[in-house]
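So this block is start.cif, mmCIF, N, CA and C atoms:
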data_work
loop_
_atom_site.group_PDB
_atom_site.id
_atom_site.type_symbol
_atom_site.label_atom_id
_atom_site.label_comp_id
_atom_site.auth_asym_id
_atom_site.auth_seq_id
_atom_site.Cartn_x
_atom_site.Cartn_y
_atom_site.Cartn_z
ATOM 1 N N MET H 1 17.773 5.251 10.213
ATOM 2 C CA MET H 1 16.992 5.311 9.002
ATOM 3 C C MET H 1 17.076 3.964 8.291
ATOM 4 N N THR H 2 15.937 3.451 7.854
ATOM 5 C CA THR H 2 15.924 2.171 7.151
ATOM 6 C C THR H 2 16.346 2.350 5.704
ATOM 7 N N ASP H 3 16.827 1.265 5.130
ATOM 8 C CA ASP H 3 17.268 1.278 3.742
ATOM 9 C C ASP H 3 16.073 1.141 2.803
ATOM 10 N N TRP H 4 16.268 1.600 1.574
ATOM 11 C CA TRP H 4 15.276 1.401 0.530
ATOM 12 C C TRP H 4 15.312 -0.059 0.112
ATOM 13 N N ILE H 5 14.146 -0.653 -0.049
ATOM 14 C CA ILE H 5 14.000 -2.044 -0.474
ATOM 15 C C ILE H 5 13.639 -2.053 -1.954
ATOM 16 N N ASP H 6 14.423 -2.759 -2.752
ATOM 17 C CA ASP H 6 14.150 -2.880 -4.173
ATOM 18 C C ASP H 6 12.956 -3.815 -4.364
ATOM 19 N N VAL H 7 11.940 -3.356 -5.106
ATOM 20 C CA VAL H 7 10.704 -4.123 -5.257
ATOM 21 C C VAL H 7 10.618 -4.787 -6.626
ATOM 22 N N CYS H 8 10.680 -3.996 -7.681
ATOM 23 C CA CYS H 8 10.526 -4.525 -9.032
ATOM 24 C C CYS H 8 10.862 -3.426 -10.036
ATOM 25 N N ALA H 9 10.868 -3.791 -11.307
ATOM 26 C CA ALA H 9 11.056 -2.798 -12.360
ATOM 27 C C ALA H 9 9.862 -1.850 -12.363
ATOM 28 N N GLU H 10 10.125 -0.597 -12.642
ATOM 29 C CA GLU H 10 9.085 0.437 -12.643
ATOM 30 C C GLU H 10 7.914 0.072 -13.554
ATOM 31 N N ASN H 11 8.187 -0.586 -14.670
ATOM 32 C CA ASN H 11 7.129 -0.923 -15.620
ATOM 33 C C ASN H 11 6.491 -2.290 -15.364
ATOM 34 N N SER H 12 6.785 -2.919 -14.231
ATOM 35 C CA SER H 12 6.225 -4.236 -13.915
ATOM 36 C C SER H 12 4.754 -4.195 -13.515
ATOM 37 N N LEU H 13 4.303 -3.071 -12.957
ATOM 38 C CA LEU H 13 2.923 -2.969 -12.507
ATOM 39 C C LEU H 13 2.092 -2.197 -13.519
ATOM 40 N N ALA H 14 0.968 -2.767 -13.905
ATOM 41 C CA ALA H 14 0.017 -2.069 -14.765
ATOM 42 C C ALA H 14 -0.880 -1.185 -13.903
ATOM 43 N N GLU H 15 -1.537 -0.255 -14.527
ATOM 44 C CA GLU H 15 -2.471 0.627 -13.821
ATOM 45 C C GLU H 15 -3.490 -0.216 -13.051
ATOM 46 N N GLY H 16 -3.664 0.110 -11.756
ATOM 47 C CA GLY H 16 -4.625 -0.592 -10.912
ATOM 48 C C GLY H 16 -4.103 -1.863 -10.275
ATOM 49 N N GLU H 17 -2.906 -2.291 -10.621
ATOM 50 C CA GLU H 17 -2.328 -3.495 -10.019
ATOM 51 C C GLU H 17 -1.579 -3.155 -8.740
ATOM 52 N N ASN H 18 -1.296 -4.197 -7.949
ATOM 53 C CA ASN H 18 -0.493 -4.014 -6.743
ATOM 54 C C ASN H 18 0.469 -5.173 -6.590
ATOM 55 N N ILE H 19 1.437 -4.972 -5.740
ATOM 56 C CA ILE H 19 2.405 -6.004 -5.391
ATOM 57 C C ILE H 19 2.623 -5.909 -3.884
ATOM 58 N N ILE H 20 2.852 -7.054 -3.258
ATOM 59 C CA ILE H 20 3.100 -7.107 -1.817
ATOM 60 C C ILE H 20 4.585 -7.384 -1.594
ATOM 61 N N VAL H 21 5.171 -6.651 -0.659
ATOM 62 C CA VAL H 21 6.576 -6.840 -0.313
ATOM 63 C C VAL H 21 6.713 -6.712 1.203
ATOM 64 N N GLU H 22 7.657 -7.448 1.771
ATOM 65 C CA GLU H 22 7.927 -7.322 3.197
ATOM 66 C C GLU H 22 9.012 -6.272 3.403
ATOM 67 N N VAL H 23 8.714 -5.326 4.258
ATOM 68 C CA VAL H 23 9.660 -4.253 4.578
ATOM 69 C C VAL H 23 9.859 -4.243 6.085
ATOM 70 N N ASP H 24 11.037 -4.629 6.520
ATOM 71 C CA ASP H 24 11.358 -4.664 7.954
ATOM 72 C C ASP H 24 10.288 -5.399 8.767
ATOM 73 N N GLY H 25 9.823 -6.527 8.264
ATOM 74 C CA GLY H 25 8.852 -7.349 8.974
ATOM 75 C C GLY H 25 7.405 -6.936 8.801
ATOM 76 N N THR H 26 7.139 -5.937 7.965
ATOM 77 C CA THR H 26 5.781 -5.454 7.733
ATOM 78 C C THR H 26 5.385 -5.731 6.291
ATOM 79 N N GLU H 27 4.203 -6.308 6.094
ATOM 80 C CA GLU H 27 3.685 -6.521 4.743
ATOM 81 C C GLU H 27 3.186 -5.186 4.201
ATOM 82 N N VAL H 28 3.708 -4.800 3.037
ATOM 83 C CA VAL H 28 3.374 -3.523 2.415
ATOM 84 C C VAL H 28 2.806 -3.790 1.031
ATOM 85 N N ALA H 29 1.681 -3.154 0.733
ATOM 86 C CA ALA H 29 1.048 -3.246 -0.587
ATOM 87 C C ALA H 29 1.379 -1.978 -1.362
ATOM 88 N N ILE H 30 1.925 -2.157 -2.559
ATOM 89 C CA ILE H 30 2.261 -1.024 -3.413
ATOM 90 C C ILE H 30 1.304 -1.036 -4.600
ATOM 91 N N PHE H 31 0.602 0.073 -4.791
ATOM 92 C CA PHE H 31 -0.414 0.210 -5.832
ATOM 93 C C PHE H 31 0.037 1.206 -6.890
ATOM 94 N N LYS H 32 -0.388 0.962 -8.129
ATOM 95 C CA LYS H 32 -0.193 1.943 -9.189
ATOM 96 C C LYS H 32 -1.559 2.538 -9.512
ATOM 97 N N VAL H 33 -1.707 3.839 -9.229
ATOM 98 C CA VAL H 33 -2.964 4.552 -9.433
ATOM 99 C C VAL H 33 -2.662 5.853 -10.168
ATOM 100 N N ASP H 34 -3.321 6.072 -11.274
ATOM 101 C CA ASP H 34 -3.120 7.286 -12.074
ATOM 102 C C ASP H 34 -1.648 7.503 -12.421
ATOM 103 N N GLY H 35 -0.952 6.400 -12.705
ATOM 104 C CA GLY H 35 0.446 6.484 -13.110
ATOM 105 C C GLY H 35 1.439 6.702 -11.982
ATOM 106 N N GLN H 36 0.947 6.792 -10.748
ATOM 107 C CA GLN H 36 1.808 7.004 -9.579
ATOM 108 C C GLN H 36 1.793 5.763 -8.692
ATOM 109 N N PHE H 37 2.840 5.618 -7.878
ATOM 110 C CA PHE H 37 2.941 4.486 -6.968
ATOM 111 C C PHE H 37 2.694 4.936 -5.534
ATOM 112 N N TYR H 38 1.915 4.134 -4.814
ATOM 113 C CA TYR H 38 1.578 4.416 -3.413
ATOM 114 C C TYR H 38 1.729 3.137 -2.607
ATOM 115 N N ALA H 39 2.222 3.260 -1.379
ATOM 116 C CA ALA H 39 2.449 2.095 -0.531
ATOM 117 C C ALA H 39 1.737 2.270 0.804
ATOM 118 N N ILE H 40 0.964 1.243 1.184
ATOM 119 C CA ILE H 40 0.281 1.232 2.478
ATOM 120 C C ILE H 40 0.521 -0.117 3.143
ATOM 121 N N GLU H 41 0.384 -0.127 4.459
ATOM 122 C CA GLU H 41 0.482 -1.399 5.173
ATOM 123 C C GLU H 41 -0.666 -2.291 4.731
ATOM 124 N N ASP H 42 -0.362 -3.546 4.446
ATOM 125 C CA ASP H 42 -1.364 -4.494 3.961
ATOM 126 C C ASP H 42 -2.111 -5.116 5.140
ATOM 127 N N VAL H 43 -2.860 -4.255 5.840
ATOM 128 C CA VAL H 43 -3.632 -4.720 6.989
ATOM 129 C C VAL H 43 -4.857 -3.830 7.172
ATOM 130 N N CYS H 44 -5.983 -4.447 7.427
ATOM 131 C CA CYS H 44 -7.194 -3.691 7.728
ATOM 132 C C CYS H 44 -7.165 -3.319 9.208
ATOM 133 N N SER H 45 -7.347 -2.050 9.494
ATOM 134 C CA SER H 45 -7.313 -1.619 10.898
ATOM 135 C C SER H 45 -8.550 -2.070 11.667
ATOM 136 N N HIS H 46 -9.515 -2.629 10.988
ATOM 137 C CA HIS H 46 -10.713 -3.144 11.652
ATOM 138 C C HIS H 46 -10.458 -4.496 12.308
ATOM 139 N N ASP H 47 -9.864 -5.443 11.543
ATOM 140 C CA ASP H 47 -9.691 -6.776 12.118
ATOM 141 C C ASP H 47 -8.320 -7.405 11.868
ATOM 142 N N GLY H 48 -7.382 -6.649 11.299
ATOM 143 C CA GLY H 48 -6.030 -7.147 11.117
ATOM 144 C C GLY H 48 -5.820 -8.022 9.898
ATOM 145 N N ALA H 49 -6.843 -8.216 9.077
ATOM 146 C CA ALA H 49 -6.710 -9.036 7.873
ATOM 147 C C ALA H 49 -5.997 -8.250 6.775
ATOM 148 N N GLU H 50 -5.489 -8.966 5.783
ATOM 149 C CA GLU H 50 -4.855 -8.297 4.648
ATOM 150 C C GLU H 50 -5.936 -7.595 3.824
ATOM 151 N N ILE H 51 -5.543 -6.540 3.106
ATOM 152 C CA ILE H 51 -6.528 -5.804 2.304
ATOM 153 C C ILE H 51 -6.184 -5.737 0.821
ATOM 154 N N ALA H 52 -4.952 -6.038 0.452
ATOM 155 C CA ALA H 52 -4.523 -5.842 -0.935
ATOM 156 C C ALA H 52 -5.271 -6.706 -1.938
ATOM 157 N N SER H 53 -5.858 -7.811 -1.508
ATOM 158 C CA SER H 53 -6.598 -8.661 -2.434
ATOM 159 C C SER H 53 -8.004 -8.136 -2.701
ATOM 160 N N GLY H 54 -8.368 -7.049 -2.034
ATOM 161 C CA GLY H 54 -9.681 -6.457 -2.254
ATOM 162 C C GLY H 54 -9.753 -5.708 -3.569
ATOM 163 N N GLU H 55 -10.936 -5.202 -3.873
ATOM 164 C CA GLU H 55 -11.151 -4.461 -5.111
ATOM 165 C C GLU H 55 -10.635 -3.032 -4.969
ATOM 166 N N LEU H 56 -9.951 -2.556 -6.011
ATOM 167 C CA LEU H 56 -9.491 -1.172 -6.061
ATOM 168 C C LEU H 56 -10.566 -0.362 -6.784
ATOM 169 N N ASP H 57 -11.069 0.670 -6.114
ATOM 170 C CA ASP H 57 -12.097 1.543 -6.677
ATOM 171 C C ASP H 57 -11.526 2.959 -6.703
ATOM 172 N N GLY H 58 -11.013 3.373 -7.859
ATOM 173 C CA GLY H 58 -10.325 4.660 -7.933
ATOM 174 C C GLY H 58 -9.059 4.590 -7.108
ATOM 175 N N ASP H 59 -8.964 5.439 -6.075
ATOM 176 C CA ASP H 59 -7.786 5.403 -5.196
ATOM 177 C C ASP H 59 -8.112 4.773 -3.845
ATOM 178 N N GLU H 60 -9.194 3.988 -3.788
ATOM 179 C CA GLU H 60 -9.585 3.320 -2.545
ATOM 180 C C GLU H 60 -9.528 1.809 -2.699
ATOM 181 N N ILE H 61 -8.919 1.143 -1.707
ATOM 182 C CA ILE H 61 -8.921 -0.309 -1.649
ATOM 183 C C ILE H 61 -10.038 -0.730 -0.701
ATOM 184 N N ILE H 62 -10.831 -1.695 -1.129
ATOM 185 C CA ILE H 62 -11.967 -2.183 -0.342
ATOM 186 C C ILE H 62 -11.554 -3.489 0.319
ATOM 187 N N CYS H 63 -11.591 -3.527 1.632
ATOM 188 C CA CYS H 63 -11.224 -4.736 2.364
ATOM 189 C C CYS H 63 -12.131 -5.885 1.926
ATOM 190 N N PRO H 64 -11.539 -7.025 1.548
ATOM 191 C CA PRO H 64 -12.350 -8.136 1.066
ATOM 192 C C PRO H 64 -13.185 -8.826 2.150
ATOM 193 N N ARG H 65 -12.894 -8.571 3.408
ATOM 194 C CA ARG H 65 -13.642 -9.259 4.479
ATOM 195 C C ARG H 65 -14.918 -8.527 4.886
ATOM 196 N N HIS H 66 -14.826 -7.243 5.181
ATOM 197 C CA HIS H 66 -15.990 -6.540 5.721
ATOM 198 C C HIS H 66 -16.315 -5.237 5.009
ATOM 199 N N GLY H 67 -15.578 -4.905 3.948
ATOM 200 C CA GLY H 67 -15.926 -3.754 3.130
ATOM 201 C C GLY H 67 -15.385 -2.408 3.567
ATOM 202 N N ALA H 68 -14.527 -2.367 4.578
ATOM 203 C CA ALA H 68 -13.917 -1.089 4.946
ATOM 204 C C ALA H 68 -13.122 -0.585 3.746
ATOM 205 N N ARG H 69 -13.023 0.730 3.611
ATOM 206 C CA ARG H 69 -12.291 1.339 2.501
ATOM 207 C C ARG H 69 -11.159 2.200 3.040
ATOM 208 N N PHE H 70 -10.023 2.168 2.311
ATOM 209 C CA PHE H 70 -8.859 2.966 2.675
ATOM 210 C C PHE H 70 -8.316 3.638 1.425
ATOM 211 N N CYS H 71 -7.901 4.887 1.552
ATOM 212 C CA CYS H 71 -7.262 5.603 0.462
ATOM 213 C C CYS H 71 -5.830 5.089 0.329
ATOM 214 N N VAL H 72 -5.458 4.606 -0.847
ATOM 215 C CA VAL H 72 -4.100 4.084 -1.017
ATOM 216 C C VAL H 72 -3.077 5.213 -1.081
ATOM 217 N N LYS H 73 -3.511 6.440 -1.331
ATOM 218 C CA LYS H 73 -2.597 7.581 -1.392
ATOM 219 C C LYS H 73 -2.207 8.076 0.000
ATOM 220 N N THR H 74 -3.163 8.037 0.938
ATOM 221 C CA THR H 74 -2.931 8.627 2.266
ATOM 222 C C THR H 74 -3.047 7.634 3.416
ATOM 223 N N GLY H 75 -3.641 6.473 3.178
ATOM 224 C CA GLY H 75 -3.899 5.506 4.246
ATOM 225 C C GLY H 75 -5.149 5.819 5.047
ATOM 226 N N ALA H 76 -5.847 6.907 4.700
ATOM 227 C CA ALA H 76 -7.035 7.331 5.450
ATOM 228 C C ALA H 76 -8.177 6.343 5.283
ATOM 229 N N VAL H 77 -8.831 6.043 6.400
ATOM 230 C CA VAL H 77 -10.017 5.197 6.347
ATOM 231 C C VAL H 77 -11.151 6.022 5.756
ATOM 232 N N LYS H 78 -11.918 5.408 4.859
ATOM 233 C CA LYS H 78 -12.984 6.109 4.160
ATOM 234 C C LYS H 78 -14.373 5.566 4.468
ATOM 235 N N CYS H 79 -14.422 4.373 5.079
ATOM 236 C CA CYS H 79 -15.715 3.738 5.311
ATOM 237 C C CYS H 79 -15.595 2.716 6.430
ATOM 238 N N PRO H 80 -16.574 2.697 7.364
ATOM 239 C CA PRO H 80 -16.569 1.673 8.399
ATOM 240 C C PRO H 80 -16.769 0.291 7.766
ATOM 241 N N PRO H 81 -16.440 -0.754 8.495
ATOM 242 C CA PRO H 81 -16.321 -0.826 9.943
ATOM 243 C C PRO H 81 -14.966 -0.401 10.505
ATOM 244 N N ALA H 82 -14.014 -0.018 9.670
ATOM 245 C CA ALA H 82 -12.737 0.478 10.189
ATOM 246 C C ALA H 82 -12.879 1.944 10.581
ATOM 247 N N TYR H 83 -12.143 2.344 11.609
ATOM 248 C CA TYR H 83 -12.159 3.731 12.070
ATOM 249 C C TYR H 83 -10.762 4.317 12.227
ATOM 250 N N GLU H 84 -9.732 3.491 12.040
ATOM 251 C CA GLU H 84 -8.350 3.963 12.159
ATOM 252 C C GLU H 84 -7.658 3.864 10.811
ATOM 253 N N ASN H 85 -6.841 4.857 10.495
ATOM 254 C CA ASN H 85 -6.071 4.866 9.257
ATOM 255 C C ASN H 85 -5.030 3.750 9.271
ATOM 256 N N VAL H 86 -4.503 3.431 8.091
ATOM 257 C CA VAL H 86 -3.381 2.495 7.998
ATOM 258 C C VAL H 86 -2.132 3.293 7.619
ATOM 259 N N ASP H 87 -0.974 2.748 7.970
ATOM 260 C CA ASP H 87 0.288 3.436 7.706
ATOM 261 C C ASP H 87 0.606 3.460 6.212
ATOM 262 N N THR H 88 1.266 4.528 5.790
ATOM 263 C CA THR H 88 1.757 4.646 4.425
ATOM 264 C C THR H 88 3.284 4.655 4.454
ATOM 265 N N PHE H 89 3.883 4.407 3.302
ATOM 266 C CA PHE H 89 5.327 4.304 3.198
ATOM 267 C C PHE H 89 5.806 5.075 1.971
ATOM 268 N N PRO H 90 6.993 5.678 2.048
ATOM 269 C CA PRO H 90 7.524 6.384 0.883
ATOM 270 C C PRO H 90 7.936 5.407 -0.223
ATOM 271 N N VAL H 91 7.720 5.847 -1.445
ATOM 272 C CA VAL H 91 8.078 5.072 -2.635
ATOM 273 C C VAL H 91 8.950 5.968 -3.510
ATOM 274 N N GLN H 92 9.945 5.378 -4.150
ATOM 275 C CA GLN H 92 10.760 6.136 -5.089
ATOM 276 C C GLN H 92 11.102 5.250 -6.288
ATOM 277 N N ILE H 93 11.476 5.908 -7.385
ATOM 278 C CA ILE H 93 11.996 5.224 -8.563
ATOM 279 C C ILE H 93 13.483 5.566 -8.648
ATOM 280 N N MET H 94 14.313 4.528 -8.675
ATOM 281 C CA MET H 94 15.761 4.718 -8.772
ATOM 282 C C MET H 94 16.276 3.785 -9.867
ATOM 283 N N ASN H 95 16.852 4.362 -10.919
ATOM 284 C CA ASN H 95 17.359 3.574 -12.044
ATOM 285 C C ASN H 95 16.295 2.640 -12.611
ATOM 286 N N SER H 96 15.088 3.185 -12.783
ATOM 287 C CA SER H 96 13.936 2.451 -13.334
ATOM 288 C C SER H 96 13.467 1.309 -12.438
ATOM 289 N N ARG H 97 13.844 1.344 -11.159
ATOM 290 C CA ARG H 97 13.412 0.327 -10.193
ATOM 291 C C ARG H 97 12.541 0.980 -9.135
ATOM 292 N N LEU H 98 11.462 0.313 -8.799
ATOM 293 C CA LEU H 98 10.557 0.760 -7.752
ATOM 294 C C LEU H 98 11.134 0.354 -6.405
ATOM 295 N N GLN H 99 11.195 1.305 -5.467
ATOM 296 C CA GLN H 99 11.739 1.037 -4.139
ATOM 297 C C GLN H 99 10.801 1.600 -3.072
ATOM 298 N N VAL H 100 10.830 0.982 -1.906
ATOM 299 C CA VAL H 100 10.009 1.411 -0.780
ATOM 300 C C VAL H 100 10.839 1.282 0.492
ATOM 301 N N ARG H 101 10.462 2.054 1.516
ATOM 302 C CA ARG H 101 11.132 1.910 2.818
ATOM 303 C C ARG H 101 10.153 2.252 3.926
ATOM 304 N N ASP H 102 10.483 1.782 5.114
ATOM 305 C CA ASP H 102 9.674 2.038 6.301
ATOM 306 C C ASP H 102 10.337 3.175 7.068
ATOM 307 N N ASP H 103 9.704 4.350 7.026
ATOM 308 C CA ASP H 103 10.274 5.521 7.702
ATOM 309 C C ASP H 103 9.569 5.849 9.019
ATOM 310 N N ARG H 104 8.757 4.918 9.511
ATOM 311 C CA ARG H 104 7.985 5.201 10.735
ATOM 312 C C ARG H 104 8.858 5.411 11.956
ATOM 313 N N TRP H 105 10.046 4.857 11.996
ATOM 314 C CA TRP H 105 10.885 4.939 13.198
ATOM 315 C C TRP H 105 12.063 5.883 13.028
ATOM 316 N N ASP H 106 12.104 6.616 11.916
ATOM 317 C CA ASP H 106 13.207 7.551 11.669
ATOM 318 C C ASP H 106 13.099 8.776 12.545
#
The structure in this file should be written as structure tokens.
Amino acid sequence: MTDWIDVCAENSLAEGENIIVEVDGTEVAIFKVDGQFYAIEDVCSHDGAEIASGELDGDEIICPRHGARFCVKTGAVKCPPAYENVDTFPVQIMNSRLQVRDDRWD
């Protein structure tokens, strides 16, 4: 089981903002949506480019290169040209600190 990675203070992210952190060699984008935190792999399954710099529309991040959409809550692809979901990661608040971990290999 991988360890929790300390990211930032819980109040560091405003609504609709994100932060990128490396977790076990994987770039992870953590978003604050509707007061909750969600973490997805910062990669478009269409062409491998980063997606966190795209526009957030509700709970969907729009890939800045070709417009594919992904749900930041579930990682589900919502619009082509992507057809594969992206991985999500668990997030927790511990002592007012935002933490994330990669549980894909547990």
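Compared by their closest atoms to Asp47 (chain H), and using all atoms listed in the file, the residues H:Gly35, H:Lys73, H:Glu10, H:Ala82 rank with H:Ala82 nearest.
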Applying 10 Å and only C-alpha atoms, which residues near Asp34 (chain H) remain after dropping the ones on its own chain fewer than 2 positions away? List them as a count of residues only. 8
8 Å contact set for Glu41 (chain H), only N, CA and C atoms, chain neighbours under 6 positions out, as a ChimeraX atom specification: /H:26-30,50-52,75,86-89
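Distance-wise, atom C of Cys44 (chain H) and atom C of Arg97 (chain H) end up 27.3 Å apart.
The shortest atom-to-atom distance to Pro80 (chain H), with only C-alpha atoms taken into account, belongs to H:His46 out of H:Leu13, H:Val100, H:Arg65, H:His46.
Run against this file, the PyMOL selection byres ((chain H and resi 9) around 5) gives back H:Val7, H:Cys8, H:Glu10, H:Asn11, H:Ser12, H:Ser96, H:Arg97, H:Leu98.
Coordinates place atom C of Val21 (chain H) at a distance of 18.8 Å from atom C of Glu55 (chain H).
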Every residue of chain H that DSSP places in strand (DSSP E or B), as a ChimeraX atom specification: /H:5-9,18-23,26-33,36-41,56-57,60-62,69-71,77-79,88-89,91-94,97-100
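Omitting Ser45 (chain H) and its sequence neighbours fewer than 4 positions away, and counting only N, CA and C atoms, the residues within 7 Å are Ala49, Pro81, Ala82, Tyr83, Glu84, Asn85 and Val86 of chain H.
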Writing out the chosen residues with N, CA and C atoms as a PDB file, in the frame of the given file:
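And here is the file that came out, out_8.pdb:
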ATOM      1  N   ALA H  49      -6.843  -8.216   9.077  1.00  0.00           N
ATOM      2  CA  ALA H  49      -6.710  -9.036   7.873  1.00  0.00           C
ATOM      3  C   ALA H  49      -5.997  -8.250   6.775  1.00  0.00           C
ATOM      4  N   PRO H  81     -16.440  -0.754   8.495  1.00  0.00           N
ATOM      5  CA  PRO H  81     -16.321  -0.826   9.943  1.00  0.00           C
ATOM      6  C   PRO H  81     -14.966  -0.401  10.505  1.00  0.00           C
ATOM      7  N   ALA H  82     -14.014  -0.018   9.670  1.00  0.00           N
ATOM      8  CA  ALA H  82     -12.737   0.478  10.189  1.00  0.00           C
ATOM      9  C   ALA H  82     -12.879   1.944  10.581  1.00  0.00           C
ATOM     10  N   TYR H  83     -12.143   2.344  11.609  1.00  0.00           N
ATOM     11  CA  TYR H  83     -12.159   3.731  12.070  1.00  0.00           C
ATOM     12  C   TYR H  83     -10.762   4.317  12.227  1.00  0.00           C
ATOM     13  N   GLU H  84      -9.732   3.491  12.040  1.00  0.00           N
ATOM     14  CA  GLU H  84      -8.350   3.963  12.159  1.00  0.00           C
ATOM     15  C   GLU H  84      -7.658   3.864  10.811  1.00  0.00           C
ATOM     16  N   ASN H  85      -6.841   4.857  10.495  1.00  0.00           N
ATOM     17  CA  ASN H  85      -6.071   4.866   9.257  1.00  0.00           C
ATOM     18  C   ASN H  85      -5.030   3.750   9.271  1.00  0.00           C
ATOM     19  N   VAL H  86      -4.503   3.431   8.091  1.00  0.00           N
ATOM     20  CA  VAL H  86      -3.381   2.495   7.998  1.00  0.00           C
ATOM     21  C   VAL H  86      -2.132   3.293   7.619  1.00  0.00           C
TER      22      VAL H  86
END
What is the distance, in Å and to one decimal place, between atom C of Arg101 (chain H) and atom C of Asp3 (chain H)? 6.1 Å
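Using only C-alpha atoms, the contacts of Cys71 (chain H) at a cut-off of 8 Å, with sequence neighbours closer than 6 positions omitted, comprise Asp59, Glu60, Ile61, Val77 and Lys78 of chain H.
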Any chance you can output those residues with N, CA and C atoms as a compact mmCIF listing (two decimals), in the coordinates of the input?
# COMPACT_ATOMS: atom_id res chain seq x y z
N ASP H 59 -8.96 5.44 -6.08
CA ASP H 59 -7.79 5.40 -5.20
C ASP H 59 -8.11 4.77 -3.84
N GLU H 60 -9.19 3.99 -3.79
CA GLU H 60 -9.59 3.32 -2.54
C GLU H 60 -9.53 1.81 -2.70
N ILE H 61 -8.92 1.14 -1.71
CA ILE H 61 -8.92 -0.31 -1.65
C ILE H 61 -10.04 -0.73 -0.70
N VAL H 77 -8.83 6.04 6.40
CA VAL H 77 -10.02 5.20 6.35
C VAL H 77 -11.15 6.02 5.76
N LYS H 78 -11.92 5.41 4.86
CA LYS H 78 -12.98 6.11 4.16
C LYS H 78 -14.37 5.57 4.47
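Proximity to Trp4 (chain H) was assessed for H:Ile62, H:Asp24, H:Ile19, H:Ala76 counting only C-alpha atoms; the smallest distance is recorded for H:Asp24.
Counting only C-alpha atoms and comparing H:Val72, H:Tyr38, H:Asn18, H:Gly54, the residue that lies closest to Gln92 (chain H) is H:Tyr38.
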